[in-house]
$ cat my_file.txt   # compact mmCIF, C-alpha atoms
# COMPACT_ATOMS: atom_id res chain seq x y z
CA MET D 794 4.50 -23.19 1.93
CA LYS D 795 5.67 -24.44 -1.45
CA ARG D 796 2.19 -23.97 -2.92
CA GLY D 797 2.05 -20.33 -1.90
CA ALA D 798 5.58 -19.57 -3.08
CA ARG D 799 4.85 -21.25 -6.41
CA LEU D 800 1.65 -19.20 -6.84
CA ILE D 801 3.46 -15.92 -6.22
CA ALA D 802 6.40 -16.88 -8.44
CA ILE D 803 4.14 -17.76 -11.37
CA ALA D 804 2.26 -14.48 -11.00
CA VAL D 805 5.49 -12.45 -10.96
CA VAL D 806 6.85 -14.22 -14.05
CA CYS D 807 3.59 -13.67 -15.94
CA ALA D 808 3.54 -10.01 -14.92
CA LEU D 809 7.09 -9.41 -16.10
CA ALA D 810 6.39 -11.20 -19.36
CA GLY D 811 3.30 -9.05 -19.88
CA ALA D 812 5.30 -5.90 -19.28
CA GLY D 813 7.70 -6.94 -22.06
CA HIS D 814 8.85 -3.97 -24.08
CA ALA D 815 7.83 -1.49 -21.37
CA ALA D 816 10.88 -2.37 -19.30
CA ALA D 817 13.14 -0.84 -21.92
CA GLU D 818 11.43 2.52 -21.64
CA SER D 819 11.19 4.94 -18.74
CA ALA D 820 9.88 3.40 -15.52
CA GLY D 821 9.25 4.52 -11.97
CA VAL D 822 9.77 2.61 -8.70
CA ARG D 823 8.25 3.20 -5.28
CA LEU D 824 9.27 1.38 -2.09
CA VAL D 825 7.17 1.76 1.08
CA VAL D 826 8.24 0.25 4.41
CA ASP D 827 5.81 0.57 7.36
CA ASN D 828 6.89 -0.13 10.93
CA ASP D 829 6.24 1.13 14.45
CA PHE D 830 10.00 1.33 14.90
CA PHE D 831 10.02 4.39 12.66
CA ASN D 832 8.07 6.36 15.32
CA PHE D 833 11.22 8.39 15.93
CA TRP D 834 9.66 10.78 18.47
CA GLN D 835 9.37 7.84 20.91
CA SER D 836 12.27 6.18 22.70
CA PRO D 837 13.06 2.78 21.12
CA ASP D 838 11.75 0.80 24.12
CA GLN D 839 8.42 2.66 23.97
CA ARG D 840 7.65 2.06 20.30
CA PRO D 841 4.77 -0.43 19.93
CA ASP D 842 5.11 -3.76 18.15
CA PHE D 843 1.43 -4.72 17.90
CA GLY D 844 -1.41 -4.74 15.39
CA TYR D 845 -0.12 -3.83 11.93
CA THR D 846 3.46 -4.38 12.96
CA HIS D 847 5.27 -4.35 9.60
CA GLY D 848 4.54 -3.90 5.93
CA THR D 849 6.52 -3.68 2.71
CA GLU D 850 5.27 -2.63 -0.72
CA LEU D 851 7.32 -2.40 -3.91
CA ILE D 852 5.64 -0.82 -6.93
CA TRP D 853 7.04 -0.79 -10.46
CA GLU D 854 5.36 1.47 -13.00
CA GLY D 855 6.50 0.94 -16.57
CA ALA D 856 5.88 2.63 -19.86
CA ARG D 857 2.92 2.08 -22.18
CA ALA D 858 1.04 -1.16 -21.50
CA PRO D 859 0.53 -3.78 -24.22
CA ARG D 860 -2.79 -3.21 -25.96
CA GLY D 861 -4.20 -6.53 -24.80
CA LEU D 862 -3.55 -5.69 -21.15
CA SER D 863 -5.02 -2.19 -21.40
CA ARG D 864 -8.24 -3.59 -22.86
CA LEU D 865 -8.89 -5.98 -19.97
CA ALA D 866 -10.28 -3.22 -17.74
CA PRO D 867 -13.42 -1.41 -18.96
CA ALA D 868 -13.12 2.28 -19.84
CA TRP D 869 -15.56 3.35 -17.10
CA LEU D 870 -13.20 1.82 -14.55
CA ALA D 871 -9.70 2.41 -15.91
CA GLY D 872 -10.29 5.43 -18.18
CA THR D 873 -9.28 6.04 -21.77
CA ASP D 874 -6.14 7.26 -23.56
CA SER D 875 -7.79 10.47 -24.74
CA ASP D 876 -9.18 11.52 -21.35
CA ASP D 877 -6.82 9.98 -18.81
CA GLY D 878 -3.48 9.46 -20.55
CA PRO D 879 -1.89 6.30 -21.98
CA ALA D 880 -2.23 3.05 -20.06
CA ARG D 881 0.97 2.01 -18.29
CA VAL D 882 1.89 -1.27 -16.66
CA GLN D 883 1.89 -1.51 -12.87
CA ILE D 884 3.32 -4.41 -10.85
CA ARG D 885 3.02 -4.40 -7.07
CA LEU D 886 4.63 -6.78 -4.56
CA SER D 887 3.47 -6.54 -0.94
CA GLN D 888 3.74 -8.16 2.45
CA ALA D 889 1.80 -7.27 5.61
CA ILE D 890 2.30 -8.64 9.14
CA TYR D 891 -0.23 -8.44 11.97
CA THR D 892 0.11 -9.46 15.64
CA PRO D 893 -2.19 -9.21 18.69
CA TRP D 894 -2.19 -6.27 21.06
CA ARG D 895 -2.80 -8.48 24.09
CA LEU D 896 -2.28 -12.11 25.14
CA PRO D 897 -4.11 -14.40 24.99
CA PRO D 898 -4.49 -13.14 21.41
CA ASP D 899 -7.16 -10.46 21.00
CA ARG D 900 -6.71 -10.85 17.24
CA PRO D 901 -5.10 -13.69 15.28
CA TYR D 902 -1.51 -13.57 14.13
CA GLY D 903 -1.67 -13.11 10.39
CA GLY D 904 0.33 -12.37 7.28
CA TRP D 905 -0.29 -11.59 3.63
CA LEU D 906 2.11 -11.95 0.71
CA GLY D 907 0.77 -10.82 -2.64
CA VAL D 908 1.37 -9.52 -6.13
CA GLY D 909 -0.81 -7.11 -8.09
CA VAL D 910 -0.75 -6.65 -11.86
CA GLY D 911 -2.67 -4.04 -13.80
CA ILE D 912 -2.64 -0.67 -15.49
CA HIS D 913 -2.69 2.95 -14.46
CA ARG D 914 -3.34 6.14 -16.36
CA GLU D 915 -2.02 9.48 -15.22
CA THR D 916 -2.03 13.11 -16.23
CA ALA D 917 -0.59 16.10 -14.41
CA THR D 918 -3.83 16.45 -12.42
CA ALA D 919 -5.40 12.98 -12.13
CA ARG D 920 -4.67 9.28 -11.82
CA ARG D 921 -6.68 6.07 -12.29
CA GLU D 922 -5.64 2.47 -11.80
CA ALA D 923 -7.10 -1.03 -12.02
CA LEU D 924 -5.33 -4.14 -10.75
CA LEU D 925 -5.79 -7.83 -10.15
CA ASN D 926 -4.26 -8.89 -6.83
CA ILE D 927 -3.47 -12.47 -5.81
CA GLY D 928 -1.69 -13.72 -2.74
CA VAL D 929 -1.60 -16.05 0.24
CA THR D 930 -2.09 -16.05 4.00
CA GLY D 931 -0.60 -18.46 6.51
CA PRO D 932 2.98 -19.79 6.59
CA PRO D 933 3.53 -19.16 2.82
CA SER D 934 3.11 -15.42 3.51
CA LEU D 935 6.49 -15.61 5.31
CA ALA D 936 5.16 -13.24 7.97
CA ALA D 937 6.43 -15.34 10.88
CA THR D 938 9.75 -15.87 9.12
CA MET D 939 10.16 -12.13 8.50
CA GLN D 940 9.31 -11.19 12.08
CA ARG D 941 11.73 -13.75 13.48
CA TYR D 942 14.46 -12.42 11.19
CA ILE D 943 13.82 -8.78 12.14
CA HIS D 944 13.76 -9.57 15.88
CA HIS D 945 16.97 -11.57 15.63
CA ARG D 946 18.78 -9.15 13.30
CA PHE D 947 18.00 -5.99 15.29
CA GLY D 948 17.95 -7.43 18.81
CA PHE D 949 14.24 -6.99 19.55
CA GLY D 950 14.03 -10.04 21.79
CA VAL D 951 12.29 -13.37 21.37
CA PRO D 952 9.57 -13.17 18.68
CA PRO D 953 6.03 -14.34 19.54
CA ASN D 954 4.59 -17.79 18.95
CA TRP D 955 2.92 -17.89 15.53
CA SER D 956 1.51 -21.42 15.86
CA GLY D 957 -2.07 -20.11 15.94
CA GLN D 958 -1.80 -17.80 12.92
CA ILE D 959 -4.46 -17.51 10.23
CA PRO D 960 -3.92 -20.62 8.07
CA TYR D 961 -2.89 -20.92 4.46
CA GLU D 962 -5.44 -19.76 1.91
CA PRO D 963 -4.94 -18.23 -1.53
CA GLY D 964 -6.76 -14.98 -2.14
CA ILE D 965 -7.76 -12.87 -5.11
CA ALA D 966 -9.29 -9.40 -5.48
CA ILE D 967 -9.97 -6.74 -8.08
CA GLU D 968 -8.79 -3.26 -7.05
CA ALA D 969 -9.64 0.09 -8.58
CA ALA D 970 -8.57 3.54 -7.44
CA ALA D 971 -8.57 7.15 -8.57
CA ALA D 972 -7.31 10.53 -7.38
CA TRP D 973 -7.50 13.97 -8.90
CA GLN D 974 -6.39 17.50 -8.19
CA SER D 975 -9.37 19.71 -7.42
CA PHE D 976 -7.49 22.78 -6.23
CA THR D 977 -4.03 24.31 -6.50
CA ARG D 978 -2.54 27.52 -5.14
CA GLY D 979 0.77 29.31 -5.64
CA SER D 980 3.20 29.38 -8.55
CA ASP D 981 5.89 27.17 -10.04
CA ASP D 982 8.55 29.67 -8.94
CA GLY D 983 7.49 29.72 -5.27
CA LEU D 984 5.39 27.80 -2.79
CA MET D 985 2.68 25.51 -4.15
CA LEU D 986 -0.34 23.76 -2.65
CA HIS D 987 -2.06 20.80 -4.33
CA GLY D 988 -5.08 18.89 -3.10
CA GLY D 989 -8.03 16.77 -4.04
CA PRO D 990 -10.14 13.69 -3.33
CA GLN D 991 -9.30 10.06 -3.84
CA TRP D 992 -11.08 6.72 -3.62
CA ARG D 993 -10.22 3.03 -3.69
CA ALA D 994 -12.35 -0.11 -3.90
CA ARG D 995 -11.40 -3.77 -3.45
CA LEU D 996 -13.63 -6.75 -4.12
CA GLY D 997 -12.39 -10.27 -3.57
CA THR D 998 -11.95 -13.21 -1.25
CA TYR D 999 -9.57 -11.54 1.20
CA ALA D 1000 -10.88 -7.96 1.15
CA VAL D 1001 -14.15 -6.17 0.43
CA ASP D 1002 -13.85 -2.47 1.24
CA LEU D 1003 -14.24 1.09 0.01
CA ARG D 1004 -12.03 4.08 0.84
CA PHE D 1005 -12.68 7.79 0.49
CA GLY D 1006 -10.15 10.47 1.27
CA LEU D 1007 -8.74 13.96 0.78
CA GLU D 1008 -5.01 14.37 0.14
CA THR D 1009 -2.81 17.49 -0.01
CA SER D 1010 0.83 18.40 -0.62
CA ALA D 1011 2.50 21.78 -0.13
CA GLY D 1012 5.97 23.26 -0.39
CA ILE D 1013 8.63 24.03 -2.97
CA HIS D 1014 7.83 22.06 -6.14
CA PRO D 1015 5.73 19.48 -4.23
CA PRO D 1016 4.74 16.29 -6.04
CA VAL D 1017 1.09 15.40 -6.46
CA PRO D 1018 -0.21 14.06 -3.13
CA TRP D 1019 -1.26 10.59 -4.31
CA GLY D 1020 2.25 9.11 -4.41
CA ALA D 1021 2.76 8.89 -8.16
CA THR D 1022 6.06 8.19 -9.90
CA ARG D 1023 5.34 10.84 -12.55
CA ARG D 1024 8.24 13.30 -12.92
CA THR D 1025 7.92 16.44 -10.75
CA ILE D 1026 8.88 19.85 -12.13
CA GLY D 1027 12.14 21.45 -11.03
CA ALA D 1028 15.48 20.03 -9.95
CA GLY D 1029 14.45 19.57 -6.31
CA SER D 1030 11.57 19.71 -3.85
CA LEU D 1031 10.94 20.29 -0.14
CA TYR D 1032 7.38 19.64 0.97
CA VAL D 1033 4.84 18.39 3.50
CA LEU D 1034 1.86 16.10 2.96
CA ALA D 1035 -1.43 15.48 4.78
CA ALA D 1036 -4.40 13.19 4.19
CA ALA D 1037 -7.65 12.15 5.87
CA ARG D 1038 -9.38 8.91 4.88
CA LEU D 1039 -12.34 6.74 5.81
CA ASP D 1040 -12.42 2.98 5.17
CA ILE D 1041 -15.78 1.23 4.88
CA ILE D 1042 -14.97 -2.44 5.50
CA ALA D 1043 -17.19 -5.42 4.74
CA ARG D 1044 -14.44 -8.06 4.90
CA ASP D 1045 -10.84 -8.17 6.10
CA GLU D 1046 -9.38 -11.67 6.09
CA LEU D 1047 -6.62 -10.74 8.53
CA LEU D 1048 -9.34 -9.94 11.10
CA ASP D 1049 -12.35 -12.04 10.05
CA GLY D 1050 -10.40 -15.21 9.32
CA THR D 1051 -10.15 -17.33 6.20
CA LEU D 1052 -13.14 -17.66 3.88
CA PHE D 1053 -13.08 -21.33 2.88
CA ARG D 1054 -11.84 -22.99 6.06
CA HIS D 1055 -12.25 -22.49 9.78
CA SER D 1056 -9.84 -20.11 11.50
CA ALA D 1057 -9.71 -17.69 14.39
CA GLY D 1058 -11.17 -14.22 13.91
CA VAL D 1059 -12.47 -11.14 15.70
CA SER D 1060 -15.38 -8.76 15.31
CA ALA D 1061 -14.11 -6.06 12.94
CA THR D 1062 -15.15 -2.41 12.98
CA PRO D 1063 -16.94 -1.46 9.73
CA LEU D 1064 -15.88 2.22 9.70
CA VAL D 1065 -12.20 3.02 10.27
CA PRO D 1066 -10.90 6.59 9.83
CA GLU D 1067 -7.23 7.51 9.60
CA ILE D 1068 -5.08 10.59 9.23
CA GLU D 1069 -1.62 10.75 7.67
CA THR D 1070 1.05 13.44 7.67
CA GLY D 1071 4.49 13.46 6.13
CA ILE D 1072 7.55 15.38 5.03
CA GLY D 1073 9.60 14.84 1.91
CA VAL D 1074 12.59 15.94 -0.11
CA ARG D 1075 13.43 15.34 -3.77
CA LEU D 1076 16.66 15.64 -5.73
CA GLN D 1077 16.18 15.18 -9.46
CA ARG D 1078 14.27 11.87 -9.81
CA ALA D 1079 14.81 10.58 -6.25
CA ARG D 1080 12.25 11.32 -3.52
CA PHE D 1081 12.56 10.45 0.18
CA GLU D 1082 9.60 10.72 2.56
CA TRP D 1083 8.70 10.00 6.18
CA HIS D 1084 5.01 9.53 6.94
CA VAL D 1085 3.09 9.10 10.21
CA THR D 1086 -0.33 7.42 10.16
CA ARG D 1087 -2.84 7.44 12.99
CA ARG D 1088 -5.49 4.74 12.42
CA ALA D 1089 -8.59 4.23 14.55
CA LYS D 1090 -9.47 0.90 16.18
CA GLU D 1091 -9.98 -1.84 13.58
CA TYR D 1092 -11.85 -4.23 15.89
CA ARG D 1093 -14.01 -3.72 18.95
CA ILE D 1094 -11.66 -5.08 21.62
CA GLN D 1095 -8.54 -3.36 20.25
CA PRO D 1096 -7.23 -1.43 23.28
CA VAL D 1097 -6.12 1.79 21.54
CA ALA D 1098 -5.81 3.41 18.12
CA HIS D 1099 -2.60 2.63 16.26
CA THR D 1100 0.14 5.03 15.19
CA TYR D 1101 2.86 3.79 12.87
CA SER D 1102 5.35 5.40 10.50
CA SER D 1103 6.58 4.78 6.97
CA LEU D 1104 9.81 5.35 5.09
CA ILE D 1105 9.20 5.83 1.37
CA PHE D 1106 11.63 6.00 -1.52
CA THR D 1107 10.42 6.93 -5.01
CA LEU D 1108 12.42 6.96 -8.23
CA GLU D 1109 10.40 9.06 -10.65
CA ARG D 1110 10.14 8.01 -14.27
$ encode --input "my_file.txt" --output "structure tokens"
Amino acid sequence: MKRGARLIAIAVVCALAGAGHAAAESAGVRLVVDNDFFNFWQSPDQRPDFGYTHGTELIWEGARAPRGLSRLAPAWLAGTDSDDGPARVQIRLSQAIYTPWRLPPDRPYGGWLGVGVGIHRETATARREALLNIGVTGPPSLAATMQRYIHHRFGFGVPPNWSGQIPYEPGIAIEAAAAWQSFTRGSDDGLMLHGGPQWRARLGTYAVDLRFGLETSAGIHPPVPWGATRRTIGAGSLYVLAAARLDIIARDELLDGTLFRHSAGVSATPLVPEIETGIGVRLQRARFEWHVTRRAKEYRIQPVAHTYSSLIFTLER
């Protein structure tokens, strides 16, 4: 566990040091918490606690990136200042927790704790980003520790036995993503509709996948639908969001098992669609959103598709 914690700590310190002067300028923050317990239309005792059972992601987006950092990613991947806006620092901390649907385990218990460091470029109608992600599975991911704490703190009963979880292994991946606004309707003084495609690709030891999607937002002064921290026009917003995505998956360590050592695994599904809807409200720079995601089966013996919800707070820069 100490090795994994040390790896993450070093990465965070290096990321903050690389951000340097950007911290003194305008920055945006986005916190995403995923959990079945946020399925508020279900009674508490009917909300599932299986599959992707909990996730947390904290994203910090600073001001202009140091020149050395912005040059690490090629222009064809991360864009250029003239076409895509100035490069800005992005630091992402994340944890994901997975448990079986059935016992004996139909998928391994697994956790991921990671940090991503990179740049993003954004205009009023498009966004591009490129990151380097590193992290750990196994006990250093603190997945079992987090689930035990949540079950104890909120009275969810005895947590499951994590003794057979996916073992410790460090992981690394390059991630690139883009989204752009291909259509808009309405006016700044009334209702607005934004929408457009998006894609994401990851290539590394723990994940090899490709995502395509279409995202929309509509309402009074709605933000762009791709979850940016860029400042939205107007003093407030009331809006809805919707998205449809398809993941093409070649490797998922939390299903397939570790790459460099033997571990339990299951036969993953290579094509996984999902749909997402949400509602949101903004007051000045602060945005609050509730999202519901319906994701198809991720492996062949998964009993049903999974529906989970997210609470999202964004402080716009």
$ closest_atom_pairs --input "my_file.txt" --of "stretch 911-1016 of chain D" --to "stretch 837-846 of chain D" --cutoff "12 Å" --atoms "all atoms listed in the file" --output "JSON lines"
{"residue": "D:Ala936", "atom": "CA", "partner": "D:Thr846", "partner_atom": "CA", "distance": 10.3}
{"residue": "D:Ala937", "atom": "CA", "partner": "D:Thr846", "partner_atom": "CA", "distance": 11.5}
{"residue": "D:Met939", "atom": "CA", "partner": "D:Thr846", "partner_atom": "CA", "distance": 11.2}
{"residue": "D:Gln940", "atom": "CA", "partner": "D:Thr846", "partner_atom": "CA", "distance": 9.0}
{"residue": "D:Ile943", "atom": "CA", "partner": "D:Thr846", "partner_atom": "CA", "distance": 11.3}
{"residue": "D:His944", "atom": "CA", "partner": "D:Asp842", "partner_atom": "CA", "distance": 10.7}
{"residue": "D:Phe947", "atom": "CA", "partner": "D:Pro837", "partner_atom": "CA", "distance": 11.6}
{"residue": "D:Gly948", "atom": "CA", "partner": "D:Pro837", "partner_atom": "CA", "distance": 11.6}
{"residue": "D:Phe949", "atom": "CA", "partner": "D:Asp838", "partner_atom": "CA", "distance": 9.4}
{"residue": "D:Gly950", "atom": "CA", "partner": "D:Asp838", "partner_atom": "CA", "distance": 11.3}
{"residue": "D:Pro952", "atom": "CA", "partner": "D:Asp842", "partner_atom": "CA", "distance": 10.4}
{"residue": "D:Pro953", "atom": "CA", "partner": "D:Asp842", "partner_atom": "CA", "distance": 10.7}
$ closest_atom_pairs --input "my_file.txt" --of "stretch 967-1056 of chain D" --to "stretch 905-925 of chain D" --cutoff "12 Å" --atoms "all atoms listed in the file" --output "CSV"
residue,atom,partner,partner_atom,distance
D:Ile967,CA,D:Leu925,CA,4.8
D:Glu968,CA,D:Leu924,CA,5.1
D:Ala969,CA,D:Ala923,CA,4.4
D:Ala970,CA,D:Glu922,CA,5.4
D:Ala971,CA,D:Arg921,CA,4.3
D:Ala972,CA,D:Arg920,CA,5.3
D:Trp973,CA,D:Ala919,CA,4.0
D:Gln974,CA,D:Thr918,CA,5.1
D:Ser975,CA,D:Thr918,CA,8.1
D:Phe976,CA,D:Thr918,CA,9.6
D:Thr977,CA,D:Thr918,CA,9.8
D:His987,CA,D:Thr918,CA,9.4
D:Gly988,CA,D:Thr918,CA,9.7
D:Gly989,CA,D:Ala919,CA,9.3
D:Pro990,CA,D:Ala919,CA,10.0
D:Gln991,CA,D:Arg920,CA,9.3
D:Trp992,CA,D:Arg921,CA,9.7
D:Arg993,CA,D:Glu922,CA,9.3
D:Ala994,CA,D:Ala923,CA,9.7
D:Arg995,CA,D:Leu924,CA,9.5
D:Leu996,CA,D:Leu925,CA,9.9
D:Gly997,CA,D:Leu925,CA,9.6
D:Tyr999,CA,D:Trp905,CA,9.6
D:Ala1000,CA,D:Trp905,CA,11.5
D:Pro1016,CA,D:Ala917,CA,9.9
D:Val1017,CA,D:Thr918,CA,7.8
D:Pro1018,CA,D:Thr918,CA,10.3
D:Trp1019,CA,D:Arg920,CA,8.4
D:Gly1020,CA,D:Arg920,CA,10.1
D:Ala1021,CA,D:Arg920,CA,8.3
D:Thr1022,CA,D:Glu915,CA,9.8
D:Arg1023,CA,D:Glu915,CA,7.9
D:Arg1024,CA,D:Ala917,CA,9.4
D:Thr1025,CA,D:Ala917,CA,9.3
D:Ile1026,CA,D:Ala917,CA,10.4
D:Asp1045,CA,D:Trp905,CA,11.4
D:Glu1046,CA,D:Trp905,CA,9.4
D:Leu1047,CA,D:Trp905,CA,8.0
D:Leu1048,CA,D:Trp905,CA,11.9
D:Thr1051,CA,D:Trp905,CA,11.7
$ closest_residue --input "my_file.txt" --among "D:His1055, D:Arg900, D:Arg857, D:Arg885" --to "D:Gly928" --atoms "only C-alpha atoms"
D:Arg885
$ residues_around --input "my_file.txt" --residues "stretch 979-982 of chain D" --least-positions-apart "6" --cutoff "10 Å" --atoms "all atoms listed in the file" --output "short mmCIF file (atom, residue, chain, number, x, y, z; two decimals) with C-alpha atoms, in the frame of the given file"
data_model
loop_
_atom_site.label_atom_id
_atom_site.label_comp_id
_atom_site.auth_asym_id
_atom_site.auth_seq_id
_atom_site.Cartn_x
_atom_site.Cartn_y
_atom_site.Cartn_z
CA ALA D 1011 2.50 21.78 -0.13
CA GLY D 1012 5.97 23.26 -0.39
CA ILE D 1013 8.63 24.03 -2.97
CA HIS D 1014 7.83 22.06 -6.14
CA PRO D 1015 5.73 19.48 -4.23
CA ILE D 1026 8.88 19.85 -12.13
CA GLY D 1027 12.14 21.45 -11.03
#
$ atom_distance --input "my_file.txt" --atom1 "atom CA of D:Arg1054" --atom2 "atom CA of D:Leu935"
19.8 Å
$ closest_atom_pairs --input "my_file.txt" --of "stretch 995-1045 of chain D" --to "stretch 1071-1087 of chain D" --cutoff "8 Å" --atoms "only C-alpha atoms" --output "tab-separated table"
residue	atom	partner	partner_atom	distance
D:Arg1024	CA	D:Arg1078	CA	6.9
D:Thr1025	CA	D:Arg1078	CA	7.9
D:Gly1027	CA	D:Gln1077	CA	7.6
D:Ala1028	CA	D:Gln1077	CA	4.9
D:Gly1029	CA	D:Leu1076	CA	4.5
D:Ser1030	CA	D:Arg1075	CA	4.8
D:Leu1031	CA	D:Val1074	CA	4.7
D:Tyr1032	CA	D:Gly1073	CA	5.4
D:Val1033	CA	D:Ile1072	CA	4.3
D:Leu1034	CA	D:Gly1071	CA	4.9
D:Ala1035	CA	D:Gly1071	CA	6.4
$ residues_around --input "my_file.txt" --residues "stretch 847-850 of chain D" --least-positions-apart "4" --cutoff "9 Å" --atoms "all atoms listed in the file" --output "list in words"
Arg823, Leu824, Val825, Val826, Asp827, Asn828, Asp829, Asp842, Arg885, Leu886, Ser887, Gln888, Ala889, Ile890, Tyr891, Gln940 and Ser1103 of chain D
$ residues_around --input "my_file.txt" --residues "D:Thr873" --least-positions-apart "5" --cutoff "10 Å" --atoms "only C-alpha atoms" --output "JSON list (two decimals) with C-alpha atoms, keeping the file's coordinate frame"
[["chain", "number", "residue", "atom", "x", "y", "z"],
["D", 863, "SER", "CA", -5.02, -2.19, -21.40],
["D", 864, "ARG", "CA", -8.24, -3.59, -22.86],
["D", 867, "PRO", "CA", -13.42, -1.41, -18.96],
["D", 868, "ALA", "CA", -13.12, 2.28, -19.84],
["D", 878, "GLY", "CA", -3.48, 9.46, -20.55],
["D", 879, "PRO", "CA", -1.89, 6.30, -21.98],
["D", 880, "ALA", "CA", -2.23, 3.05, -20.06],
["D", 914, "ARG", "CA", -3.34, 6.14, -16.36],
["D", 921, "ARG", "CA", -6.68, 6.07, -12.29]]
$ closest_residue --input "my_file.txt" --among "D:Asp1040, D:Glu1109, D:Glu1008, D:Asp899" --to "D:Ser1060" --atoms "all atoms listed in the file"
D:Asp899
$ residues_around --input "my_file.txt" --residues "D:Ala1036" --least-positions-apart "4" --cutoff "6 Å" --atoms "all atoms listed in the file" --output "VMD selection string"
chain D and resid 1007 to 1008 1068 to 1069
$ atom_distance --input "my_file.txt" --atom1 "atom CA of D:Arg1044" --atom2 "atom CA of D:Asp1002"
6.7 Å
$ residues_near_point --input "my_file.txt" --point "(1.3, -14.6, 13.2)" --cutoff "6 Å" --atoms "only C-alpha atoms" --output "JSON, numbers by chain"
{"D": [892, 902, 903, 937, 955, 958]}
$ closest_residue --input "my_file.txt" --among "D:His945, D:Thr1070, D:Thr1009, D:Arg895" --to "D:Arg978" --atoms "only C-alpha atoms"
D:Thr1009
$ atom_distance --input "my_file.txt" --atom1 "atom CA of D:Ala966" --atom2 "atom CA of D:Ala1061"
19.3 Å
